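Structure file data-v2.txt (compact mmCIF, C-alpha atoms) is printed below.
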```txt
# COMPACT_ATOMS: atom_id res chain seq x y z
CA MET A 19 -128.58 -172.74 -53.11
CA ARG A 20 -126.29 -175.78 -53.49
CA LYS A 21 -122.63 -175.26 -54.28
CA PHE A 22 -120.86 -177.67 -56.60
CA ASN A 23 -117.18 -178.31 -57.04
CA LEU A 24 -117.06 -177.88 -60.82
CA GLN A 25 -113.71 -179.67 -61.10
CA LEU A 26 -115.50 -182.94 -60.34
CA PHE A 27 -117.38 -182.82 -63.64
CA ASP A 28 -115.83 -183.91 -66.94
CA ASN A 29 -117.09 -180.78 -68.70
CA SER A 30 -115.29 -178.54 -66.25
CA ARG A 31 -113.67 -175.39 -67.58
CA ALA A 32 -110.99 -175.37 -64.88
CA ALA A 33 -107.47 -175.17 -66.29
CA LEU A 34 -104.91 -177.63 -64.95
CA LEU A 35 -102.13 -176.59 -62.61
CA ARG A 36 -98.49 -177.45 -63.37
CA ASN A 37 -98.39 -180.10 -60.64
CA THR A 38 -100.70 -182.33 -62.73
CA ILE A 39 -97.72 -183.21 -64.95
CA ALA A 40 -94.89 -185.14 -63.32
CA ASP A 41 -91.36 -185.47 -64.67
CA TYR A 42 -88.97 -188.34 -63.91
CA ALA A 43 -85.33 -188.98 -64.83
CA LEU A 44 -83.79 -192.44 -64.79
CA ILE A 45 -80.81 -192.11 -62.42
CA GLY A 46 -78.84 -195.18 -61.37
CA GLY A 47 -81.60 -197.54 -62.52
CA THR A 48 -84.39 -195.76 -60.59
CA TYR A 49 -86.83 -193.14 -61.82
CA GLU A 50 -86.31 -190.02 -59.70
CA LEU A 51 -89.00 -187.33 -59.50
CA MET A 52 -87.94 -184.00 -60.93
CA GLY A 53 -89.95 -181.92 -58.48
CA THR A 54 -88.41 -180.34 -55.39
CA GLY A 55 -85.80 -177.80 -56.48
CA PHE A 56 -87.16 -177.33 -60.01
CA THR A 57 -88.76 -173.93 -60.48
CA SER A 58 -89.68 -174.67 -64.10
CA LEU A 59 -89.57 -177.58 -66.53
CA ASN A 60 -91.44 -176.85 -69.73
CA GLU A 61 -92.08 -178.61 -73.02
CA SER A 62 -91.49 -176.99 -76.41
CA PRO A 63 -92.42 -179.41 -79.24
CA LYS A 64 -90.89 -177.07 -81.86
CA ALA A 65 -92.65 -178.46 -84.90
CA GLN A 66 -90.55 -178.38 -88.06
CA THR A 67 -92.43 -177.27 -91.17
CA ASP A 68 -92.09 -177.30 -94.93
CA SER A 69 -93.97 -174.53 -96.72
CA GLU A 70 -94.80 -174.09 -100.37
CA THR A 71 -97.02 -171.87 -102.48
CA TYR A 72 -98.69 -173.67 -105.36
CA ILE A 73 -99.23 -171.90 -108.69
CA ASN A 74 -103.01 -171.84 -108.28
CA GLU A 75 -102.88 -170.34 -104.75
CA VAL A 76 -101.86 -167.10 -103.12
CA THR A 77 -101.57 -168.55 -99.63
CA VAL A 78 -98.73 -170.76 -98.48
CA SER A 79 -99.46 -174.42 -97.67
CA SER A 80 -97.52 -175.87 -94.76
CA ASP A 81 -96.79 -179.42 -93.66
CA ILE A 82 -95.39 -180.62 -90.33
CA THR A 83 -92.29 -182.65 -91.21
CA GLY A 84 -90.93 -183.41 -87.75
CA TYR A 85 -90.28 -182.14 -84.25
CA GLU A 86 -87.26 -180.80 -82.40
CA THR A 87 -88.65 -181.16 -78.88
CA GLU A 88 -86.93 -179.39 -76.02
CA PHE A 89 -87.58 -179.23 -72.29
CA PRO A 90 -86.06 -176.02 -70.86
CA TYR A 91 -85.58 -176.15 -67.09
CA GLU A 92 -84.48 -174.08 -64.11
CA SER A 93 -83.67 -175.50 -60.71
CA ARG A 94 -81.89 -174.78 -57.48
CA LEU A 95 -78.84 -176.90 -56.69
CA ILE A 96 -80.04 -179.33 -54.02
CA PRO A 97 -77.48 -182.17 -53.95
CA SER A 98 -79.87 -184.59 -52.19
CA GLN A 99 -82.23 -184.37 -55.19
CA LYS A 100 -80.69 -187.05 -57.42
CA ALA A 101 -82.09 -185.75 -60.72
CA ILE A 102 -80.84 -182.21 -60.11
CA TYR A 103 -77.41 -183.40 -59.02
CA ALA A 104 -77.10 -185.67 -62.09
CA LEU A 105 -77.97 -182.79 -64.44
CA TYR A 106 -75.56 -180.49 -62.60
CA LYS A 107 -72.71 -183.02 -62.82
CA MET A 108 -73.19 -183.47 -66.56
CA GLY A 109 -72.60 -179.76 -67.09
CA ARG A 110 -69.93 -179.38 -64.41
CA ASP A 111 -67.93 -182.28 -65.80
CA HIS A 112 -68.44 -181.22 -69.45
CA LEU A 113 -69.91 -184.57 -70.45
CA THR A 114 -70.67 -185.14 -74.12
CA GLY A 115 -72.31 -187.74 -76.35
CA ASP A 116 -73.99 -190.69 -74.63
CA ALA A 117 -72.57 -189.57 -71.26
CA ALA A 118 -74.70 -186.38 -71.49
CA GLN A 119 -77.91 -188.32 -72.19
CA LEU A 120 -80.54 -189.78 -69.92
CA THR A 121 -83.99 -191.36 -69.99
CA TYR A 122 -86.77 -188.91 -69.16
CA VAL A 123 -90.49 -189.62 -68.62
CA ARG A 124 -93.26 -187.04 -68.70
CA VAL A 125 -96.42 -188.25 -66.91
CA ASP A 126 -99.93 -186.82 -67.28
CA LEU A 127 -101.20 -187.21 -63.71
CA PHE A 128 -104.58 -185.81 -64.78
CA ASN A 129 -105.03 -188.76 -67.18
CA PRO A 130 -105.20 -191.99 -65.14
CA ILE A 131 -105.35 -195.44 -66.70
CA GLY A 132 -107.78 -197.33 -64.51
CA THR A 133 -108.35 -196.38 -60.89
CA PRO A 134 -105.26 -195.36 -58.90
CA SER A 135 -104.71 -197.20 -55.61
CA SER A 136 -101.97 -197.58 -53.00
CA GLU A 137 -100.65 -200.64 -54.93
CA THR A 138 -100.68 -199.21 -58.45
CA ALA A 139 -101.29 -195.80 -59.96
CA GLU A 140 -100.85 -195.77 -63.74
CA TYR A 141 -101.05 -192.69 -65.92
CA ALA A 142 -100.58 -191.87 -69.59
CA ALA A 143 -96.90 -191.06 -70.18
CA ARG A 144 -94.20 -190.55 -72.78
CA GLN A 145 -90.59 -191.66 -72.48
CA PHE A 146 -87.77 -189.72 -74.15
CA THR A 147 -84.05 -190.09 -74.50
CA VAL A 148 -82.72 -186.57 -73.91
CA ALA A 149 -79.37 -184.83 -74.20
CA ASN A 150 -78.79 -182.50 -71.26
CA GLU A 151 -77.46 -179.04 -72.14
CA VAL A 152 -76.52 -177.15 -68.97
CA SER A 153 -76.39 -173.49 -69.99
CA ASP A 154 -75.82 -171.77 -66.63
CA ILE A 155 -74.72 -172.56 -63.09
CA LYS A 156 -74.96 -169.28 -61.24
CA GLY A 157 -75.71 -167.51 -58.00
CA GLY A 158 -74.65 -164.21 -56.47
CA GLY A 159 -73.36 -163.67 -52.95
CA GLY A 160 -75.86 -164.99 -50.44
CA ALA A 161 -78.12 -166.30 -53.23
CA LYS A 162 -79.17 -169.87 -53.96
CA ILE A 163 -77.25 -171.55 -56.77
CA GLN A 164 -79.39 -171.82 -59.89
CA ILE A 165 -78.94 -174.32 -62.71
CA SER A 166 -80.60 -173.74 -66.05
CA GLY A 167 -80.52 -175.75 -69.21
CA THR A 168 -82.43 -177.67 -71.81
CA LEU A 169 -83.18 -181.34 -72.28
CA HIS A 170 -83.10 -181.99 -76.05
CA ALA A 171 -85.10 -184.97 -77.31
CA VAL A 172 -83.04 -187.61 -79.11
CA GLY A 173 -85.26 -189.48 -81.58
CA ASP A 174 -88.96 -190.10 -81.19
CA PRO A 175 -90.84 -190.36 -77.88
CA ILE A 176 -92.21 -193.72 -76.75
CA SER A 177 -95.87 -193.74 -75.72
CA GLY A 178 -96.87 -195.74 -72.69
CA LYS A 179 -97.93 -195.63 -69.07
CA PHE A 180 -96.06 -194.86 -65.87
CA ASP A 181 -96.87 -196.31 -62.46
CA THR A 182 -96.09 -193.68 -59.82
CA VAL A 183 -96.16 -196.28 -57.04
CA THR A 184 -93.70 -198.79 -58.52
CA LYS A 185 -91.92 -196.14 -60.64
CA THR A 186 -92.03 -198.23 -63.79
CA PHE A 187 -92.63 -197.24 -67.40
CA THR A 188 -94.40 -199.65 -69.76
CA ALA A 189 -94.32 -198.94 -73.49
CA GLY A 190 -97.52 -199.40 -75.48
CA GLU A 191 -100.77 -197.81 -76.49
CA PHE A 192 -102.84 -197.25 -73.36
CA LYS A 193 -106.00 -195.17 -73.04
CA GLY A 194 -106.26 -192.75 -70.15
CA LYS A 195 -109.42 -191.13 -68.83
CA TYR A 196 -109.30 -188.34 -71.43
CA ASP A 197 -108.07 -190.36 -74.43
CA ALA A 198 -110.77 -191.10 -76.98
```
Can you present the structure in this file as structure tokens?
Amino acid sequence: MRKFNLQLFDNSRAALLRNTIADYALIGGTYELMGTGFTSLNESPKAQTDSETYINEVTVSSDITGYETEFPYESRLIPSQKAIYALYKMGRDHLTGDAAQLTYVRVDLFNPIGTPSSETAEYAARQFTVANEVSDIKGGGGAKIQISGTLHAVGDPISGKFDTVTKTFTAGEFKGKYDA
């Protein structure tokens, strides 16, 4: 009997692993990978709704009126990881307003645009301006220092593509492998 790797087929039922989404922060003019040191970095779209019950109905009707997207994170303090150190410094130094904001890109590595190569590897991506809320910097005796917080979206995301080789974001409407 032949064995097939089912993940090679488009109708695969295999769920994606977390490493198929990459996160980058723009630090000093360069997109830095938010990978090593981060133990979690999640996305919570937090849809805002408006609900109303009409006089001819018993059930409430709801509309999505906006989003309050957040990206809660946890990481270990590794100073050589530029994204972690930048987030840490924002909280440590009590930065506010524009000084507590940064450009953040979330890349769907499972959704390539074209065929990735050693010269270019473009993927569907979204760029956000985020405000960094550092909620905790902690660690007990002999323990690794942990930083936790939330990146709060400022305004609407920008759709586009991200090249993981050149580390550049291009705004626009691009179709990845899984986009109809």
Can you build me a table of segment 27-84 of chain A residues sitting at most 7 Å from segment 93-115 of chain A, with the closest atom pair per residue and its distance in Å to one decimal, using only C-alpha atoms, sorted by chain and residue number, as JSON lines?
```
{"residue": "A:Ala43", "atom": "CA", "partner": "A:Ala101", "partner_atom": "CA", "distance": 6.2}
{"residue": "A:Ile45", "atom": "CA", "partner": "A:Ala101", "partner_atom": "CA", "distance": 6.7}
{"residue": "A:Glu50", "atom": "CA", "partner": "A:Ala101", "partner_atom": "CA", "distance": 6.1}
{"residue": "A:Met52", "atom": "CA", "partner": "A:Ala101", "partner_atom": "CA", "distance": 6.1}
{"residue": "A:Gly55", "atom": "CA", "partner": "A:Arg94", "partner_atom": "CA", "distance": 5.0}
{"residue": "A:Phe56", "atom": "CA", "partner": "A:Ser93", "partner_atom": "CA", "distance": 4.0}
{"residue": "A:Thr57", "atom": "CA", "partner": "A:Ser93", "partner_atom": "CA", "distance": 5.3}
{"residue": "A:Ser58", "atom": "CA", "partner": "A:Ser93", "partner_atom": "CA", "distance": 6.9}
```
Distance query segment 86-89 of chain A at most 9 Å, only C-alpha atoms, self and fewer than 2 positions along chain excluded, as JSON, numbers by chain: {"A": [59, 60, 61, 62, 63, 64, 65, 66, 84, 91, 148, 167, 168, 169, 170, 171, 172, 173]}
Residue contacts of Ser135 of chain A (9 Å, only C-alpha atoms) excluding same-chain residues fewer than 3 positions away, as an MDAnalysis selection string: chainID A and resid 138:139 183
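Atom to atom, atom CA of Ile39 of chain A and atom CA of Thr147 of chain A stand 18.0 Å apart.
Considering only C-alpha atoms, the residue among A:Thr54, A:Ser136, A:Phe146, A:Asn37 positioned nearest to Phe187 of chain A is A:Phe146.
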Env of segment 126-133 of chain A: 12 Å cut, atoms = all atoms listed in the file, seq-sep filter 5 positions within chain, self excluded. Answer as JSON, numbers by chain. {"A": [25, 28, 33, 34, 35, 36, 37, 38, 39, 40, 41, 42, 138, 139, 140, 141, 142, 143, 144, 145, 177, 178, 179, 180, 181, 182, 191, 192, 193, 194, 195, 196, 197, 198]}
Point-to-point distance from atom CA of Pro175 of chain A to atom CA of Glu151 of chain A, Å rounded to tenths: 18.4 Å
Could you tell me which of A:Leu44, A:Val76, A:Val152, A:Ala32 comes closest to Thr121 of chain A if we count all atoms listed in the file? A:Leu44
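With atom CA of Leu120 of chain A on one side and atom CA of Leu51 of chain A on the other, the separation reads 13.6 Å.
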